[in-house]
file model-v4.txt (compact mmCIF, C-alpha atoms and all ligand atoms)
# COMPACT_ATOMS: atom_id res chain seq x y z
CA MET A 1 10.05 10.97 -22.34
CA LEU A 2 9.93 10.92 -26.14
CA GLY A 3 13.38 10.88 -27.63
CA LYS A 4 15.67 8.73 -29.61
CA PHE A 5 14.45 5.51 -28.00
CA PHE A 6 10.72 6.12 -27.77
CA LYS A 7 8.29 6.25 -30.65
CA LYS A 8 4.73 7.53 -30.57
CA PRO A 9 2.45 4.76 -31.86
CA SER A 10 0.36 5.51 -34.90
CA ALA A 11 -3.15 6.52 -33.86
CA ASP A 12 -4.68 3.35 -35.30
CA ASN A 13 -2.44 0.97 -33.36
CA LYS A 14 -5.00 -0.70 -31.10
CA ARG A 15 -2.28 -2.77 -29.46
CA VAL A 16 -0.79 0.25 -27.74
CA PRO A 17 -2.75 1.53 -24.71
CA PRO A 18 -3.48 5.25 -24.29
CA GLY A 19 -0.61 7.39 -23.00
CA GLN A 20 2.09 4.85 -23.94
CA SER A 21 5.14 5.17 -26.22
CA LEU A 22 6.97 2.30 -27.87
CA THR A 23 10.50 1.29 -27.03
CA GLU A 24 12.68 -1.35 -28.62
CA ARG A 25 15.00 -1.39 -25.63
CA PHE A 26 14.13 -3.14 -22.40
CA PRO A 27 14.35 -0.63 -19.53
CA VAL A 28 15.07 -1.95 -16.03
CA LEU A 29 12.76 -0.78 -13.24
CA THR A 30 13.54 -2.01 -9.74
CA TYR A 31 12.79 -0.49 -6.37
CA GLY A 32 15.10 -1.72 -3.64
CA PRO A 33 17.74 -4.42 -3.64
CA VAL A 34 18.42 -6.78 -6.55
CA PRO A 35 18.78 -10.28 -5.12
CA THR A 36 21.45 -12.58 -6.53
CA LEU A 37 20.10 -16.11 -6.78
CA ARG A 38 21.35 -19.23 -8.44
CA PRO A 39 18.47 -21.12 -10.10
CA GLU A 40 18.89 -24.05 -7.69
CA GLN A 41 18.33 -21.65 -4.77
CA VAL A 42 14.93 -20.54 -6.05
CA GLU A 43 11.92 -21.94 -4.26
CA ILE A 44 8.28 -21.06 -4.77
CA ARG A 45 6.35 -21.21 -1.54
CA ILE A 46 2.58 -21.70 -1.58
CA SER A 47 0.84 -20.27 1.49
CA GLY A 48 -2.43 -18.85 2.84
CA LEU A 49 -5.66 -20.49 1.69
CA ALA A 50 -4.01 -23.42 -0.07
CA GLU A 51 -2.30 -26.62 0.90
CA PRO A 52 1.20 -25.44 1.90
CA ARG A 53 3.81 -26.50 -0.60
CA ILE A 54 7.31 -25.62 -1.75
CA PHE A 55 8.34 -26.07 -5.38
CA SER A 56 12.06 -26.48 -6.00
CA TRP A 57 13.69 -25.38 -9.27
CA GLN A 58 13.65 -29.03 -10.41
CA ASP A 59 9.97 -29.35 -9.51
CA LEU A 60 9.19 -26.30 -11.65
CA LEU A 61 11.21 -27.47 -14.66
CA ALA A 62 9.44 -30.84 -14.49
CA LEU A 63 6.11 -29.09 -15.19
CA LEU A 64 4.88 -28.34 -18.71
CA GLN A 65 6.90 -25.46 -20.24
CA THR A 66 5.09 -22.87 -22.34
CA THR A 67 6.27 -20.05 -24.64
CA HIS A 68 4.23 -16.92 -25.40
CA THR A 69 4.93 -13.77 -27.39
CA TYR A 70 3.04 -10.67 -26.33
CA ASP A 71 3.24 -6.96 -25.49
CA ILE A 72 4.17 -5.43 -22.13
CA HIS A 73 3.13 -2.04 -20.78
CA CYS A 74 4.86 -0.13 -17.97
CA VAL A 75 3.02 2.54 -15.99
CA THR A 76 5.99 4.89 -16.63
CA HIS A 77 4.60 5.15 -20.21
CA TRP A 78 6.69 2.69 -22.18
CA SER A 79 5.36 -0.33 -24.04
CA LYS A 80 7.38 -3.03 -25.75
CA LEU A 81 5.78 -5.16 -28.46
CA ASP A 82 6.33 -8.86 -29.16
CA THR A 83 8.33 -9.96 -26.14
CA THR A 84 8.87 -13.74 -25.98
CA TRP A 85 8.86 -15.58 -22.65
CA THR A 86 9.14 -19.23 -21.66
CA GLY A 87 8.18 -20.76 -18.34
CA ILE A 88 5.36 -22.40 -16.43
CA SER A 89 1.89 -21.04 -17.12
CA ILE A 90 -0.04 -20.15 -13.98
CA PRO A 91 -2.94 -22.49 -14.87
CA THR A 92 -0.37 -25.31 -15.18
CA LEU A 93 0.96 -24.49 -11.71
CA MET A 94 -2.60 -24.24 -10.35
CA GLN A 95 -3.33 -27.79 -11.50
CA HIS A 96 -0.75 -28.91 -8.95
CA LEU A 97 -2.19 -26.85 -6.06
CA LYS A 98 -5.09 -27.38 -3.72
CA VAL A 99 -6.54 -23.90 -3.33
CA ASP A 100 -9.43 -23.30 -0.93
CA PRO A 101 -12.56 -22.19 -2.85
CA ALA A 102 -12.77 -19.21 -0.44
CA ALA A 103 -9.65 -17.68 -2.00
CA THR A 104 -10.36 -14.64 -4.22
CA ALA A 105 -6.96 -12.93 -4.37
CA VAL A 106 -3.24 -13.64 -4.43
CA MET A 107 -0.32 -11.79 -2.85
CA VAL A 108 2.85 -12.36 -4.86
CA HIS A 109 5.99 -12.41 -2.69
CA CYS A 110 9.55 -11.87 -3.92
CA TYR A 111 13.13 -12.33 -2.80
CA GLY A 112 14.15 -8.84 -1.64
CA GLY A 113 10.73 -8.07 -0.15
CA TYR A 114 8.68 -6.71 -3.09
CA THR A 115 5.01 -7.70 -3.16
CA THR A 116 2.11 -7.17 -5.54
CA ASN A 117 -1.55 -8.22 -5.41
CA LEU A 118 -3.79 -9.81 -8.02
CA LEU A 119 -7.38 -10.98 -8.03
CA LEU A 120 -7.48 -14.74 -8.51
CA GLU A 121 -9.17 -14.24 -11.90
CA ASP A 122 -6.29 -11.99 -13.00
CA PHE A 123 -3.72 -14.45 -11.64
CA ASN A 124 -5.08 -17.69 -13.11
CA ARG A 125 -4.93 -16.76 -16.80
CA ASP A 126 -3.48 -18.78 -19.66
CA LEU A 127 -1.05 -16.06 -20.75
CA ASN A 128 0.46 -15.53 -17.29
CA LEU A 129 3.86 -17.15 -16.94
CA LEU A 130 6.34 -17.90 -14.22
CA ALA A 131 9.16 -17.20 -16.67
CA HIS A 132 12.83 -18.20 -16.64
CA THR A 133 13.62 -17.47 -20.30
CA PHE A 134 13.36 -14.26 -22.32
CA ASP A 135 13.92 -14.28 -26.09
CA GLY A 136 15.29 -17.83 -25.84
CA LYS A 137 17.96 -16.94 -23.28
CA PRO A 138 18.05 -17.33 -19.48
CA LEU A 139 16.33 -14.30 -17.94
CA GLU A 140 18.88 -11.68 -16.84
CA LYS A 141 19.14 -10.90 -13.16
CA ASP A 142 18.09 -7.25 -13.59
CA HIS A 143 14.92 -8.39 -15.35
CA GLY A 144 14.02 -10.81 -12.56
CA GLY A 145 16.18 -13.85 -13.27
CA PRO A 146 16.17 -16.67 -12.43
CA LEU A 147 12.37 -16.50 -12.21
CA ARG A 148 9.72 -13.79 -12.57
CA LEU A 149 6.00 -13.52 -13.05
CA VAL A 150 4.69 -12.08 -16.35
CA VAL A 151 1.10 -10.80 -16.34
CA PRO A 152 0.77 -9.16 -19.75
CA HIS A 153 -2.80 -7.81 -19.45
CA LEU A 154 -1.92 -5.52 -16.52
CA TYR A 155 0.74 -2.82 -16.06
CA PHE A 156 4.18 -4.33 -15.68
CA TRP A 157 4.54 -3.60 -11.94
CA LYS A 158 2.26 -6.65 -11.45
CA SER A 159 4.93 -8.78 -13.18
CA ALA A 160 6.94 -9.43 -10.05
CA LYS A 161 10.65 -10.20 -10.43
CA TRP A 162 12.50 -12.81 -8.30
CA VAL A 163 9.24 -14.44 -7.20
CA SER A 164 9.45 -16.46 -3.98
CA GLY A 165 5.85 -17.40 -3.38
CA PHE A 166 2.11 -17.04 -3.82
CA GLU A 167 -0.18 -16.42 -0.85
CA PHE A 168 -3.88 -17.11 -1.42
CA LEU A 169 -6.27 -14.75 0.38
CA THR A 170 -10.01 -14.21 0.94
CA ALA A 171 -9.72 -10.54 -0.04
CA ASP A 172 -7.53 -8.32 -2.23
CA HIS A 173 -4.91 -6.47 -0.14
CA PRO A 174 -2.47 -3.89 -1.54
CA GLY A 175 1.11 -4.92 -2.32
CA PHE A 176 4.15 -2.63 -2.34
CA TRP A 177 3.27 -0.14 -5.11
CA GLU A 178 -0.45 -0.45 -4.45
CA LYS A 179 0.17 0.80 -0.87
CA ASN A 180 2.13 3.67 -2.39
CA GLY A 181 -0.65 5.00 -4.59
CA TYR A 182 -0.73 2.66 -7.56
CA HIS A 183 -4.06 1.27 -8.70
CA MET A 184 -5.22 -2.04 -7.16
CA ARG A 185 -5.72 -3.63 -10.59
CA GLY A 186 -3.77 -1.65 -13.22
CA ASP A 187 -5.44 -2.31 -16.59
CA PRO A 188 -3.35 -0.35 -19.14
CA PHE A 189 -6.23 -0.07 -21.63
CA LYS A 190 -8.31 1.67 -18.95
CA GLU A 191 -5.28 3.71 -17.81
CA GLU A 192 -5.66 2.43 -14.23
CA ARG A 193 -2.37 4.01 -13.18
CA PHE A 194 -3.07 5.47 -9.75
CA ASP A 195 -5.56 4.93 -6.97
CA ASP A 196 -7.68 7.99 -7.77
CA ASP A 197 -8.04 7.06 -11.48
N1 LIG B 1 10.69 -7.85 -7.13
C1 LIG B 1 10.39 -6.79 -7.89
N2 LIG B 1 9.60 -6.98 -8.97
C2 LIG B 1 9.28 -5.92 -9.75
C3 LIG B 1 9.74 -4.62 -9.45
C4 LIG B 1 10.57 -4.46 -8.31
O1 LIG B 1 11.02 -3.36 -7.97
N3 LIG B 1 10.88 -5.57 -7.57
N4 LIG B 1 9.39 -3.56 -10.26
C5 LIG B 1 8.16 -3.72 -11.02
C6 LIG B 1 8.00 -2.66 -11.98
S1 LIG B 1 7.44 -1.17 -11.40
C7 LIG B 1 8.16 -2.87 -13.32
S2 LIG B 1 7.77 -1.70 -14.47
C8 LIG B 1 8.74 -4.14 -13.82
C9 LIG B 1 10.01 -3.83 -14.58
O2 LIG B 1 10.58 -4.98 -15.09
P1 LIG B 1 11.95 -4.85 -15.91
O3 LIG B 1 12.96 -4.25 -14.96
O4 LIG B 1 12.29 -6.22 -16.36
O5 LIG B 1 11.66 -3.92 -17.06
O6 LIG B 1 9.04 -5.05 -12.79
C10 LIG B 1 8.11 -5.08 -11.73
N5 LIG B 1 8.50 -6.14 -10.84
MO MO B 2 6.86 0.12 -13.30

call {"tool": "encode", "arguments": {"input": "model-v4.txt", "output": "structure tokens"}}
result
Amino acid sequence: MLGKFFKKPSADNKRVPPGQSLTERFPVLTYGPVPTLRPEQVEIRISGLAEPRIFSWQDLLALLQTTHTYDIHCVTHWSKLDTTWTGISIPTLMQHLKVDPAATAVMVHCYGGYTTNLLLEDFNRDLNLLAHTFDGKPLEKDHGGPLRLVVPHLYFWKSAKWVSGFEFLTADHPGFWEKNGYHMRGDPFKEERFDDD
């Protein structure tokens, strides 16, 4: 894994979780098909324990837009520092939803069929973005463009690309990788990589 593109962090770098190496590149990790979507085709569908609703691309751009710079950590052992994303923060989106108080978890759905699960408290965080812009430029298709989720405090498989909807649930159910052995939560600082960790 370590080579020209990966650097071992210095031991005192508290920003880098255990078992991770730094990369300045931006690797692409996709399982399955890469959907091709024009921005105007993107809809975000709210389902489950919430008032059903569909946000169009225009609806989303009309909401408050937020930019954050932070680090991302992939379970395949790479981390990338200071990535800059712009989009709609999840708490901003939540202000426009009527979610049943019985909801405790969210299933994230994507164009192409990928899913991933989050506890509501991990979903509704200030730093989480529904992002359309990376480093000031429209998000590339391979990285989830036109629209992806970014959840920086958990391993990057939770940051679903080509998001199509959020389903609110009474209990946490495994998404795609979680059914295939990945940890239900995936905190990189606790090295929650796999189910038996
Ligand atoms: N829809 C979808 N989202 C996805 C994936 C995927 O296969 N499909 N892969 C996940 C994984 S395992 C990682 S590490 C990151 C990779 O994002 P990147 O390709 O922009 O680096 O996207 C996550 N989101
Ligand atoms: Mo990943």

call {"tool": "axis_aligned_box", "arguments": {"input": "model-v4.txt", "around": "ligand LIG 1 (chain B)", "padding_each_side": "5 Å", "output": "AutoDock Vina command-line options"}}
result
--center_x 10.2 --center_y -4.5 --center_z -12.1 --size_x 15.5 --size_y 16.7 --size_z 19.9

call {"tool": "closest_residue", "arguments": {"input": "model-v4.txt", "among": "A:Val75, A:Val99, A:Ala62, A:Leu169", "to": "ligand MO 2 (chain B)", "atoms": "only C-alpha atoms and all ligand atoms"}}
result
A:Val75

call {"tool": "residues_near_ligand", "arguments": {"input": "model-v4.txt", "ligand": "ligand MO 2 (chain B)", "cutoff": "8 Å", "atoms": "all atoms listed in the file", "output": "list in words"}}
result
Leu29, Thr30, Cys74, Val75, Thr76, Tyr155, Phe156 and Trp157 of chain A

call {"tool": "residues_near_ligand", "arguments": {"input": "model-v4.txt", "ligand": "ligand LIG 1 (chain B)", "cutoff": "10 Å", "atoms": "only C-alpha atoms and all ligand atoms", "output": "PyMOL selection string"}}
result
chain A and resi 25-35+72-80+108-116+139-145+148-150+155-164+176-177+182

call {"tool": "atom_distance", "arguments": {"input": "model-v4.txt", "atom1": "atom CA of A:Phe168", "atom2": "atom CA of A:Ala103"}}
result
5.8 Å

call {"tool": "atom_distance", "arguments": {"input": "model-v4.txt", "atom1": "atom CA of A:Phe5", "atom2": "atom CA of A:Arg185"}}
result
28.2 Å

call {"tool": "closest_residue", "arguments": {"input": "model-v4.txt", "among": "A:Pro138, A:Pro146, A:Gly48, A:Gly87", "to": "A:Asp100", "atoms": "all atoms listed in the file"}}
result
A:Gly48
